[in-house]
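Here's the structure we're looking at; comments come further down.
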Amino acid sequence: QEQPVEPYKIDPTNAGAAPFAGDGMARAFGGQDGISRIVDRFVTANFADRRIGEIFMNQDEVRLRRVLFEQFCYILNAGCTYTGRDMRAAHKDMGVQQGDMNRLVENLQAAMQAERVPFAAQNRFLAKLAPMRRDVVER
Ligand code: HEM
């Protein structure tokens with residue numbers, strides 16, 4: 001079950017990127033079912049990761065699976081809204097470094113590859129997420 005968090009204003013722009021137009025990206029990711037499988041693989045990989053798993057340990061995995069699905073589904077324009085926190089608030093004081101971000105991207109690439117997302121669509125999605133490093137990585 002999900003743990004309560006400090007109140008915050010719900011706003012889909014908290015997702016940190018504007019959704020893609022049209023349904024091409026949603027289809028490339030296999031719709032909500034495909035996105036759900038990718039998020040599950042991705043979250044499982046991050047928690048089990050030898051290099052970044054420690055950052056995830058003791059965090060709310062149930063909530064993370066829910067809102068990360070919402071975020072991906074929203075950005076891919078697959079018919080969801082995002083109810084989570086903004087990226088700066090979500091990663092505050094976590095000490096995430098650039099190397100951690102690179103590792104997380106590798107795990108996401110592996111999850112998309114496993115679900116046979118076409119390479120061009122993978123890269124379009126990663127390009128949408130890339131600017132979020134400003135709000136995630138501490139320097
Ligand atoms: C573009 C890159 C990233 C995106 C799009 C992203 C997305 C998210 C989202 C949507 C949440 C949940 C927000 C909420 O609970 O309201 C979250 C939380 C979290 N993220 Fe990220 N994240 C990114 C990078 C990273 C990196 C690099 C790490 C560490 C290696 C990380 C570790 C975490 C952890 C541990 C939480 C749970 C926080 C908590 O439960 O309080 N994230 N992230």
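Naming works like this for the structure tokens: A, B, ... for the chains as they're shown, residue 1 at the start of each chain, ligands 1 onward in shown order.
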Protein and nucleic residues near ligand 1, 7 Å, only C-alpha atoms and all ligand atoms, as a PDB file with N, CA and C atoms, in the first residue's frame:
ATOM      1  N   ALA A  15       4.665  16.826 -14.586  1.00  0.00           N
ATOM      2  CA  ALA A  15       5.332  15.729 -15.304  1.00  0.00           C
ATOM      3  C   ALA A  15       6.653  16.170 -15.911  1.00  0.00           C
ATOM      4  N   ILE A  52      22.647   1.842  -8.404  1.00  0.00           N
ATOM      5  CA  ILE A  52      21.721   2.894  -7.954  1.00  0.00           C
ATOM      6  C   ILE A  52      20.587   2.371  -7.069  1.00  0.00           C
ATOM      7  N   ILE A  55      19.686   4.101  -3.764  1.00  0.00           N
ATOM      8  CA  ILE A  55      18.913   5.350  -3.741  1.00  0.00           C
ATOM      9  C   ILE A  55      17.410   5.043  -3.673  1.00  0.00           C
ATOM     10  N   PHE A  56      17.022   3.908  -4.235  1.00  0.00           N
ATOM     11  CA  PHE A  56      15.604   3.540  -4.259  1.00  0.00           C
ATOM     12  C   PHE A  56      15.174   2.822  -2.992  1.00  0.00           C
ATOM     13  N   GLN A  59      12.309   3.627  -0.353  1.00  0.00           N
ATOM     14  CA  GLN A  59      11.360   4.584  -0.912  1.00  0.00           C
ATOM     15  C   GLN A  59      10.052   3.840  -1.221  1.00  0.00           C
ATOM     16  N   ASP A  60       9.017   4.597  -1.511  1.00  0.00           N
ATOM     17  CA  ASP A  60       7.687   4.021  -1.704  1.00  0.00           C
ATOM     18  C   ASP A  60       7.541   3.458  -3.127  1.00  0.00           C
ATOM     19  N   GLU A  61       7.821   2.157  -3.240  1.00  0.00           N
ATOM     20  CA  GLU A  61       7.811   1.511  -4.556  1.00  0.00           C
ATOM     21  C   GLU A  61       6.399   1.465  -5.151  1.00  0.00           C
ATOM     22  N   ARG A  63       3.922   3.677  -4.734  1.00  0.00           N
ATOM     23  CA  ARG A  63       3.627   5.002  -5.289  1.00  0.00           C
ATOM     24  C   ARG A  63       4.435   5.252  -6.557  1.00  0.00           C
ATOM     25  N   LEU A  64       5.735   4.887  -6.526  1.00  0.00           N
ATOM     26  CA  LEU A  64       6.597   5.153  -7.675  1.00  0.00           C
ATOM     27  C   LEU A  64       6.052   4.445  -8.917  1.00  0.00           C
ATOM     28  N   VAL A  67       2.809   6.520 -10.087  1.00  0.00           N
ATOM     29  CA  VAL A  67       2.963   7.843 -10.696  1.00  0.00           C
ATOM     30  C   VAL A  67       3.918   7.824 -11.885  1.00  0.00           C
ATOM     31  N   LEU A  68       4.872   6.894 -11.882  1.00  0.00           N
ATOM     32  CA  LEU A  68       5.764   6.808 -13.039  1.00  0.00           C
ATOM     33  C   LEU A  68       4.978   6.319 -14.263  1.00  0.00           C
ATOM     34  N   GLN A  71       3.120   9.288 -15.467  1.00  0.00           N
ATOM     35  CA  GLN A  71       3.994  10.253 -16.145  1.00  0.00           C
ATOM     36  C   GLN A  71       4.320   9.785 -17.566  1.00  0.00           C
ATOM     37  N   GLY A  84       1.445  13.142  -9.908  1.00  0.00           N
ATOM     38  CA  GLY A  84       2.585  13.124  -8.995  1.00  0.00           C
ATOM     39  C   GLY A  84       3.190  14.498  -8.772  1.00  0.00           C
ATOM     40  N   ARG A  85       4.312  14.488  -8.053  1.00  0.00           N
ATOM     41  CA  ARG A  85       5.011  15.725  -7.739  1.00  0.00           C
ATOM     42  C   ARG A  85       5.882  16.176  -8.911  1.00  0.00           C
ATOM     43  N   ASP A  86       6.294  17.434  -8.871  1.00  0.00           N
ATOM     44  CA  ASP A  86       7.211  17.898  -9.917  1.00  0.00           C
ATOM     45  C   ASP A  86       8.585  17.269  -9.680  1.00  0.00           C
ATOM     46  N   MET A  87       9.422  17.263 -10.733  1.00  0.00           N
ATOM     47  CA  MET A  87      10.679  16.523 -10.685  1.00  0.00           C
ATOM     48  C   MET A  87      11.657  17.072  -9.649  1.00  0.00           C
ATOM     49  N   ALA A  90      10.316  15.888  -6.249  1.00  0.00           N
ATOM     50  CA  ALA A  90      10.375  14.425  -6.115  1.00  0.00           C
ATOM     51  C   ALA A  90      11.788  13.929  -5.821  1.00  0.00           C
ATOM     52  N   HIS A  91      12.803  14.682  -6.276  1.00  0.00           N
ATOM     53  CA  HIS A  91      14.187  14.203  -6.138  1.00  0.00           C
ATOM     54  C   HIS A  91      15.027  15.061  -5.211  1.00  0.00           C
ATOM     55  N   VAL A  96      21.306  12.607  -6.122  1.00  0.00           N
ATOM     56  CA  VAL A  96      21.482  11.930  -7.413  1.00  0.00           C
ATOM     57  C   VAL A  96      22.591  12.625  -8.217  1.00  0.00           C
ATOM     58  N   ASP A 100      24.430   8.377 -11.834  1.00  0.00           N
ATOM     59  CA  ASP A 100      23.190   7.679 -11.445  1.00  0.00           C
ATOM     60  C   ASP A 100      22.139   7.849 -12.547  1.00  0.00           C
ATOM     61  N   MET A 101      22.077   9.069 -13.078  1.00  0.00           N
ATOM     62  CA  MET A 101      21.122   9.369 -14.156  1.00  0.00           C
ATOM     63  C   MET A 101      21.440   8.505 -15.383  1.00  0.00           C
ATOM     64  N   LEU A 104      20.271   4.992 -14.773  1.00  0.00           N
ATOM     65  CA  LEU A 104      18.809   4.895 -14.853  1.00  0.00           C
ATOM     66  C   LEU A 104      18.355   4.887 -16.317  1.00  0.00           C
ATOM     67  N   LEU A 129      12.871  13.273 -21.876  1.00  0.00           N
ATOM     68  CA  LEU A 129      13.215  13.170 -20.454  1.00  0.00           C
ATOM     69  C   LEU A 129      14.531  13.870 -20.132  1.00  0.00           C
ATOM     70  N   ALA A 130      15.422  13.952 -21.125  1.00  0.00           N
ATOM     71  CA  ALA A 130      16.791  14.442 -20.869  1.00  0.00           C
ATOM     72  C   ALA A 130      16.855  15.784 -20.134  1.00  0.00           C
ATOM     73  N   MET A 132      15.119  16.957 -17.934  1.00  0.00           N
ATOM     74  CA  MET A 132      14.730  16.845 -16.525  1.00  0.00           C
ATOM     75  C   MET A 132      15.942  16.650 -15.616  1.00  0.00           C
ATOM     76  N   ARG A 133      17.085  16.323 -16.213  1.00  0.00           N
ATOM     77  CA  ARG A 133      18.293  16.127 -15.397  1.00  0.00           C
ATOM     78  C   ARG A 133      18.596  17.374 -14.556  1.00  0.00           C
ATOM     79  N   VAL A 136      16.811  16.876 -11.406  1.00  0.00           N
ATOM     80  CA  VAL A 136      17.018  15.595 -10.723  1.00  0.00           C
ATOM     81  C   VAL A 136      18.442  15.482 -10.175  1.00  0.00           C
ATOM     82  N   VAL A 137      19.416  15.852 -11.004  1.00  0.00           N
ATOM     83  CA  VAL A 137      20.827  15.680 -10.637  1.00  0.00           C
ATOM     84  C   VAL A 137      21.277  16.849  -9.762  1.00  0.00           C
TER      85      VAL A 137
END
Just list the residues in segment 3-139 of chain A DSSP gives alpha helix (DSSP H) on the backbone, as a count of residues only. 78
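If only C-alpha atoms are the atoms counted, then among A:Asp49, A:Glu54, A:Glu6, A:Asp11 the closest residue to Arg103 of chain A is A:Asp49.
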Mind checking which residues fall within 12 Å of Arg139 of chain A, counting only C-alpha atoms, ignoring those fewer than 3 positions away in the same chain, and posting them as a PDB file with C-alpha atoms, in the first residue's frame?
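Saved result, part-v7.pdb, follows:
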ATOM      1  CA  LYS A  92      15.061  16.823  -3.540  1.00  0.00           C
ATOM      2  CA  ASP A  93      18.013  16.001  -1.281  1.00  0.00           C
ATOM      3  CA  MET A  94      18.424  12.554  -2.809  1.00  0.00           C
ATOM      4  CA  GLY A  95      21.987  13.279  -3.882  1.00  0.00           C
ATOM      5  CA  VAL A  96      21.482  11.930  -7.413  1.00  0.00           C
ATOM      6  CA  GLN A  97      24.630  12.364  -9.543  1.00  0.00           C
ATOM      7  CA  GLN A  98      25.066  12.367 -13.326  1.00  0.00           C
ATOM      8  CA  GLY A  99      26.373   8.783 -13.244  1.00  0.00           C
ATOM      9  CA  ARG A 133      18.293  16.127 -15.397  1.00  0.00           C
ATOM     10  CA  ARG A 134      18.444  19.810 -14.367  1.00  0.00           C
ATOM     11  CA  ASP A 135      15.822  19.081 -11.695  1.00  0.00           C
ATOM     12  CA  VAL A 136      17.018  15.595 -10.723  1.00  0.00           C
TER      13      VAL A 136
END
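Of the listed residues (A:Ala17, A:Tyr8, A:Glu2, A:Glu106), A:Tyr8 comes nearest to Ala89 of chain A; the distances count only C-alpha atoms.
Proximity ranking of A:Asn58, A:Ala78, A:Ala111, A:Val5 relative to Phe42 of chain A places A:Ala111 first, based on only C-alpha atoms.
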Let me make sure I understand: among A:Phe20, A:Asn46, A:Thr83, A:Asn107, which one has the smallest atom-to-atom distance to Ala127 of chain A if we use only C-alpha atoms? A:Phe20
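Closest approach to Ala28 of chain A among A:Ala114, A:Leu76, A:Val105, A:Ala45 is made by A:Leu76 (distances from only C-alpha atoms).
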Selection near segment 36-39 of chain A, 10 Å with only C-alpha atoms, sequence-local residues under 6 positions removed, as a ChimeraX atom specification: /A:29-30,45,64-70,72-73,108-117
Which residue gives the smallest distance to Ala26 of chain A among A:Met57, A:Leu126, A:Ile75, A:Ala120, with only C-alpha atoms counted? A:Ile75
So how far away is atom CA of Gly79 of chain A from atom CA of Ile10 of chain A, in Å? 17.2 Å
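Between atom CA of Ala121 of chain A and atom CA of Gly24 of chain A lies a distance of 8.9 Å.
In this structure, atom CA of Lys128 of chain A sits 23.8 Å away from atom CA of Gly53 of chain A.
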